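Q: File input-v4.txt below, compact mmCIF, C-alpha atoms:
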```
# COMPACT_ATOMS: atom_id res chain seq x y z
CA ASP A 1 96.88 147.37 144.86
CA THR A 2 96.75 149.50 148.00
CA GLY A 3 93.32 151.03 147.48
CA VAL A 4 90.02 150.19 149.14
CA SER A 5 88.74 146.75 148.17
CA GLN A 6 85.27 145.27 148.46
CA ASP A 7 84.03 141.74 148.14
CA PRO A 8 81.96 140.49 146.42
CA ARG A 9 81.60 142.87 143.51
CA HIS A 10 78.17 141.53 142.64
CA LYS A 11 75.61 139.63 144.69
CA ILE A 12 72.26 138.28 143.59
CA THR A 13 70.05 136.95 146.34
CA LYS A 14 66.47 135.95 146.88
CA ARG A 15 64.20 138.05 149.02
CA GLY A 16 64.39 137.02 152.65
CA GLN A 17 67.99 135.78 152.52
CA ASN A 18 70.84 137.30 154.51
CA VAL A 19 73.87 138.79 152.77
CA THR A 20 77.24 139.98 154.04
CA PHE A 21 79.68 142.30 152.32
CA ARG A 22 83.30 142.92 153.18
CA CYS A 23 85.40 146.07 152.90
CA ASP A 24 89.18 146.33 153.30
CA PRO A 25 90.22 149.97 153.70
CA ILE A 26 93.55 151.55 152.90
CA SER A 27 95.84 150.21 155.60
CA GLU A 28 96.74 153.46 157.39
CA HIS A 29 93.18 154.82 157.32
CA ASN A 30 91.37 154.66 160.64
CA ARG A 31 88.03 156.01 159.40
CA LEU A 32 85.68 153.75 157.45
CA TYR A 33 82.29 154.56 155.95
CA TRP A 34 79.49 152.62 154.32
CA TYR A 35 77.15 154.17 151.77
CA ARG A 36 74.26 153.00 149.62
CA GLN A 37 73.76 154.34 146.14
CA THR A 38 70.70 153.80 143.97
CA LEU A 39 70.39 154.67 140.30
CA GLY A 40 70.45 158.38 139.62
CA GLN A 41 71.31 159.32 143.18
CA GLY A 42 74.39 160.29 145.08
CA PRO A 43 75.81 158.05 147.79
CA GLU A 44 73.66 157.94 150.91
CA PHE A 45 75.48 157.66 154.23
CA LEU A 46 74.79 154.48 156.23
CA THR A 47 77.38 154.27 158.99
CA TYR A 48 80.85 155.34 160.09
CA PHE A 49 83.65 153.73 162.12
CA GLN A 50 86.67 155.27 163.72
CA ASN A 51 88.98 152.34 164.32
CA GLU A 52 86.69 149.63 165.73
CA ALA A 53 84.10 152.01 167.18
CA GLN A 54 80.88 152.63 165.25
CA LEU A 55 80.36 156.33 165.90
CA GLU A 56 77.57 157.29 163.52
CA LYS A 57 74.61 155.47 162.11
CA SER A 58 72.05 156.89 159.74
CA ARG A 59 68.49 157.10 161.03
CA LEU A 60 67.51 155.59 157.70
CA LEU A 61 69.37 152.39 158.55
CA SER A 62 66.81 149.77 159.50
CA ASP A 63 67.38 147.14 162.18
CA ARG A 64 68.01 144.61 159.42
CA PHE A 65 71.36 146.28 158.71
CA SER A 66 74.37 145.75 160.93
CA ALA A 67 78.01 146.63 160.46
CA GLU A 68 81.16 145.64 162.29
CA ARG A 69 84.82 146.49 162.25
CA PRO A 70 86.14 144.08 164.85
CA LYS A 71 89.86 144.90 164.85
CA GLY A 72 89.74 148.33 163.32
CA SER A 73 90.85 146.99 159.97
CA PHE A 74 88.32 145.37 157.60
CA SER A 75 84.59 145.87 158.01
CA THR A 76 81.51 143.81 157.21
CA LEU A 77 78.00 144.98 156.40
CA GLU A 78 75.23 142.46 156.87
CA ILE A 79 71.68 142.78 155.62
CA GLN A 80 69.21 140.35 157.14
CA ARG A 81 65.93 139.30 155.52
CA THR A 82 66.68 141.19 152.34
CA GLU A 83 63.93 143.06 150.54
CA GLN A 84 63.72 144.16 146.92
CA GLY A 85 64.18 147.74 148.07
CA ASP A 86 67.65 146.81 149.30
CA SER A 87 68.83 146.43 145.71
CA ALA A 88 71.55 149.05 145.30
CA MET A 89 75.27 149.62 145.08
CA TYR A 90 76.93 149.45 148.51
CA LEU A 91 80.04 151.58 148.69
CA CYS A 92 82.78 151.54 151.27
CA ALA A 93 85.18 154.43 151.78
CA SER A 94 88.09 155.14 154.09
CA SER A 95 90.01 158.20 155.15
CA LEU A 96 92.78 159.33 157.46
CA GLY A 97 91.93 160.49 160.95
CA LEU A 98 91.75 164.17 160.10
CA ALA A 99 88.15 165.32 160.25
CA LEU A 100 87.92 167.06 156.90
CA HIS A 101 90.14 164.70 154.99
CA GLU A 102 88.93 163.29 151.68
CA GLN A 103 87.54 159.78 151.43
CA TYR A 104 88.75 157.09 149.09
CA PHE A 105 86.13 154.71 147.78
CA GLY A 106 86.15 151.05 146.90
CA PRO A 107 84.61 149.66 143.70
CA GLY A 108 81.35 148.84 145.45
CA THR A 109 79.19 145.74 145.80
CA ARG A 110 76.13 145.66 143.58
CA LEU A 111 73.27 143.87 145.31
CA THR A 112 70.26 142.58 143.40
CA VAL A 113 67.39 141.13 145.41
CA THR A 114 64.99 139.02 143.36
CA ALA B 1 71.26 169.84 158.73
CA GLN B 2 73.58 169.93 155.78
CA LYS B 3 72.49 169.77 152.19
CA ILE B 4 74.15 169.73 148.79
CA THR B 5 72.31 170.83 145.67
CA GLN B 6 73.40 170.11 142.12
CA THR B 7 70.88 171.59 139.71
CA GLN B 8 72.34 170.34 136.43
CA PRO B 9 71.29 166.75 135.77
CA GLY B 10 73.22 166.68 132.50
CA MET B 11 75.84 168.81 130.78
CA PHE B 12 77.55 168.66 127.40
CA VAL B 13 80.91 170.17 126.51
CA GLN B 14 83.03 170.17 123.38
CA GLU B 15 86.38 168.45 123.69
CA LYS B 16 89.16 170.89 124.72
CA GLU B 17 86.65 173.43 126.05
CA ALA B 18 86.16 174.34 129.71
CA VAL B 19 83.02 173.45 131.65
CA THR B 20 81.60 174.51 135.02
CA LEU B 21 79.54 172.16 137.15
CA ASP B 22 77.41 173.88 139.76
CA CYS B 23 77.16 173.02 143.44
CA THR B 24 75.48 174.92 146.24
CA TYR B 25 75.49 173.88 149.86
CA ASP B 26 73.68 174.66 153.05
CA THR B 27 75.18 174.47 156.51
CA SER B 28 75.21 176.48 159.71
CA ASP B 29 78.67 175.24 160.64
CA GLN B 30 81.65 177.55 160.29
CA SER B 31 84.18 174.81 159.63
CA TYR B 32 83.49 172.41 156.82
CA GLY B 33 85.04 170.76 153.80
CA LEU B 34 83.78 170.58 150.24
CA PHE B 35 84.72 167.80 147.85
CA TRP B 36 84.18 166.78 144.26
CA TYR B 37 84.16 163.19 143.09
CA LYS B 38 84.00 161.65 139.61
CA GLN B 39 82.12 158.42 138.99
CA PRO B 40 82.74 156.83 135.58
CA SER B 41 80.43 154.17 134.22
CA SER B 42 82.59 151.56 135.96
CA GLY B 43 81.09 152.80 139.23
CA GLU B 44 84.11 153.67 141.34
CA MET B 45 84.09 157.09 143.01
CA ILE B 46 87.30 159.01 142.33
CA PHE B 47 88.32 161.94 144.55
CA LEU B 48 89.12 165.05 142.50
CA ILE B 49 89.51 168.12 144.68
CA TYR B 50 88.99 169.52 148.19
CA GLN B 51 88.24 173.00 149.55
CA GLY B 52 88.23 173.89 153.23
CA SER B 53 85.88 176.58 154.45
CA TYR B 54 88.75 178.62 155.84
CA ASP B 55 90.92 178.33 152.73
CA GLU B 56 91.33 181.76 151.22
CA GLN B 57 92.50 180.54 147.86
CA ASN B 58 90.45 178.44 145.47
CA ALA B 59 91.69 174.87 145.26
CA THR B 60 93.28 173.62 142.05
CA GLU B 61 94.39 170.13 141.00
CA GLY B 62 95.69 169.90 137.48
CA ARG B 63 92.78 170.60 135.11
CA TYR B 64 90.33 170.83 138.01
CA SER B 65 89.67 173.99 139.98
CA LEU B 66 87.05 174.79 142.56
CA ASN B 67 85.36 178.18 142.37
CA PHE B 68 84.54 178.74 146.04
CA GLN B 69 82.18 181.60 146.87
CA LYS B 70 81.55 181.37 150.58
CA ALA B 71 78.98 184.15 150.84
CA ARG B 72 76.90 182.55 148.10
CA LYS B 73 77.53 179.06 149.51
CA SER B 74 78.65 177.76 146.17
CA ALA B 75 81.51 175.44 145.25
CA ASN B 76 81.50 175.01 141.51
CA LEU B 77 83.89 172.66 139.75
CA VAL B 78 85.68 173.95 136.69
CA ILE B 79 87.24 171.43 134.31
CA SER B 80 89.56 173.00 131.77
CA ALA B 81 90.54 171.51 128.40
CA SER B 82 87.91 168.76 128.57
CA GLN B 83 88.90 165.30 127.42
CA LEU B 84 86.75 162.38 126.28
CA GLY B 85 87.73 160.54 129.44
CA ASP B 86 86.06 163.25 131.52
CA SER B 87 82.64 161.90 130.52
CA ALA B 88 81.20 160.66 133.83
CA MET B 89 78.93 161.54 136.74
CA TYR B 90 80.27 164.25 139.04
CA PHE B 91 79.24 164.54 142.67
CA CYS B 92 79.71 167.42 145.07
CA ALA B 93 79.95 166.51 148.76
CA MET B 94 80.51 168.16 152.11
CA THR B 95 81.23 167.38 155.74
CA SER B 96 81.70 169.48 158.84
CA THR B 97 82.67 166.73 161.26
CA GLY B 98 84.16 164.00 159.12
CA ASN B 99 81.58 161.66 160.64
CA GLN B 100 79.03 162.06 157.85
CA PHE B 101 79.47 163.16 154.29
CA TYR B 102 76.54 164.57 152.33
CA PHE B 103 76.41 164.13 148.58
CA GLY B 104 74.42 165.87 145.88
CA THR B 105 72.44 164.05 143.19
CA GLY B 106 75.21 164.50 140.66
CA THR B 107 75.72 165.94 137.20
CA SER B 108 76.25 163.74 134.16
CA LEU B 109 78.94 165.25 131.94
CA THR B 110 79.30 164.22 128.31
CA VAL B 111 82.33 165.38 126.34
CA ILE B 112 81.63 165.64 122.62
CA PRO B 113 84.51 164.98 120.22
```
Any chance you could put this one into structure tokens?

A:
Amino acid sequence: DTGVSQDPRHKITKRGQNVTFRCDPISEHNRLYWYRQTLGQGPEFLTYFQNEAQLEKSRLLSDRFSAERPKGSFSTLEIQRTEQGDSAMYLCASSLGLALHEQYFGPGTRLTVT
Amino acid sequence: AQKITQTQPGMFVQEKEAVTLDCTYDTSDQSYGLFWYKQPSSGEMIFLIYQGSYDEQNATEGRYSLNFQKARKSANLVISASQLGDSAMYFCAMTSTGNQFYFGTGTSLTVIP
């Protein structure tokens, strides 16, 4: 399968724990995006990488969230000290370097904070 | 700021009929892209169709077409010959830089046999 992959697909954690999600984009895509989606809403932008550089970060992203893309390939999203409000689907997408090119999404990681 | 508005929370269509899902957008940029995605109950977002702001012709991809009316800032999705497998959430999205994409709240489409 050459699409975007995410791991894990589901994560249940207790409030206050740290969690880390991984995204592997389509291999030739140099743009990578993270989104959060809650029930009944569209995806909400979190952050964007071009190669290894994090170029955009949503103002809604609290300091507990951090993302990396160390070698311009896979990316990780870490949430520290999770809160119940962090429960959501976390989506990763990738696209080619052209600015208005479509994104291709992974299957998402569903996070439940108890 | 950019904004996408989808005013139809839910739509029903008879199998084999056509359906139009509405999308309006707001931007002050001259160059931008508009996209439609399908999200089945499995959760994965599937890219359907793209329209660039400078494209003179409406985009088409198989049974999907995008009715682009620039002056009205609308980018409606038309699905022809609906199939049961078209039942899903549909999201309209836009970007002008490729750095951030803005999504609407979606429309839930149900195809009735």

Q: What residues in chain A lie within 8 Å of chain B, counting all atoms listed in the file, written as an NGL selection string?

A: :A and (40-45 or 48 or 55-56 or 98-108)

Q: Just give me the gap between CA of Ser80 in chain B and CA of Phe68 in chain B in Å, one decimal is fine.

A: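 Pair CA of Ser80 in chain B / CA of Phe68 in chain B returns 16.2 Å.
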
Q: Quick one: of A:Leu46, A:Gly97, A:Cys92, A:Asp24, who's nearest to Lys71 in chain A, counting all atoms listed in the file?

A: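 The closest residue to Lys71 in chain A is A:Asp24.
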
Q: What is the CA of Gln8 in chain B-CA of Asp86 in chain A distance in Å, reported with one decimal?

A: 27.2 Å

Q: Write out as JSON an axis-aligned box for range 93-97 of chain B: all of its atoms listed in the file, 4 Å added on each side, centre and edge lengths in Å with one decimal.

A:
```
{"center_x": 81.3, "center_y": 168.0, "center_z": 155.0, "size_x": 10.7, "size_y": 11.0, "size_z": 20.5}
```

Q: As a short mmCIF file (atom, residue, chain, number, x, y, z; two decimals) with C-alpha atoms, keeping the file's coordinate frame, please: the residues near Phe49 in chain A (cut-off 9 Å, all atoms listed in the file, same-chain neighbours under 5 positions excluded).

A:
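Saved as selection23.cif:
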```cif
data_model
loop_
_atom_site.label_atom_id
_atom_site.label_comp_id
_atom_site.auth_asym_id
_atom_site.auth_seq_id
_atom_site.Cartn_x
_atom_site.Cartn_y
_atom_site.Cartn_z
CA ASN A 30 91.37 154.66 160.64
CA ARG A 31 88.03 156.01 159.40
CA LEU A 32 85.68 153.75 157.45
CA TYR A 33 82.29 154.56 155.95
CA TRP A 34 79.49 152.62 154.32
CA GLN A 54 80.88 152.63 165.25
CA LEU A 55 80.36 156.33 165.90
CA GLU A 56 77.57 157.29 163.52
CA GLU A 68 81.16 145.64 162.29
CA ARG A 69 84.82 146.49 162.25
CA GLY A 72 89.74 148.33 163.32
CA SER A 75 84.59 145.87 158.01
CA ASN B 99 81.58 161.66 160.64
#
```

Q: State, in Å with one decimal place, the distance from CA of Val113 in chain A to CA of Ile12 in chain A.

A: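 Result for CA of Val113 in chain A versus CA of Ile12 in chain A: 5.9 Å, one decimal.
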
Q: With distances taken over only C-alpha atoms, which of A:Tyr35, A:Thr109, A:Glu83, A:Leu61 is nearest to Arg15 in chain A?

A: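 Counting only C-alpha atoms, the residue closest to Arg15 in chain A is A:Glu83.
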
Q: So that I can check the surroundings of Leu66 in chain B, please list as a PyMOL selection string every protein, DNA and RNA residue that reaches within 8 Å of it, counting only C-alpha atoms and ignoring chain neighbours fewer than 5 positions away.

A: chain B and resi 49-51+58-60+75-78

Q: With all atoms listed in the file as the atoms that count, which of B:Lys73, B:Lys38, B:Gln6, B:Pro113 lies nearest to Asp86 in chain B?

A: B:Lys38

Q: Within 9 Å of Ile112 in chain B, counting only C-alpha atoms, which residues show up once you throw out same-chain ones fewer than 6 positions away? Write them as JSON, numbers by chain, please.

A: {"B": [12, 13, 14, 15, 83, 84, 87]}

Q: Deliver the residues from the most recent selection as a file, using C-alpha atoms, as a compact mmCIF listing (two decimals), in the coordinates of the input.

A:
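Heads up, here's the output in again01.txt:
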```txt
# COMPACT_ATOMS: atom_id res chain seq x y z
CA PHE B 12 77.55 168.66 127.40
CA VAL B 13 80.91 170.17 126.51
CA GLN B 14 83.03 170.17 123.38
CA GLU B 15 86.38 168.45 123.69
CA GLN B 83 88.90 165.30 127.42
CA LEU B 84 86.75 162.38 126.28
CA SER B 87 82.64 161.90 130.52
```

Q: Find the residues near Thr112 in chain A: any atom within 9 Å, counting all atoms listed in the file, skip ones fewer than 2 places away on the same chain, and give them as a PyMOL selection string.

A: chain A and resi 10-14+84+86-89+110+114

Q: The residues within 8 Å of (74.3, 143.8, 157.1), using all atoms listed in the file and the coordinates of the file, should be reported as a PyMOL selection string; which are they?

A: chain A and resi 18-21+64-67+76-80

Q: From the options B:Gln39, B:Ser65, B:Thr110, B:Thr5, which residue's atoms come nearest to Cys23 in chain B, counting only C-alpha atoms?

A: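 Residue with the minimum atom-to-atom distance to Cys23 in chain B: B:Thr5.
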
Q: Tell me which residues come within 9 Å of (74.1, 179.1, 149.7), as number ranges by chain, counting only C-alpha atoms in the file's coordinates.

A: B: 24-27, 69-74

Q: A:Ala93, A:Val4, A:Gln50, A:Lys57: which is nearest Pro70 in chain A, counting all atoms listed in the file?

A: A:Gln50
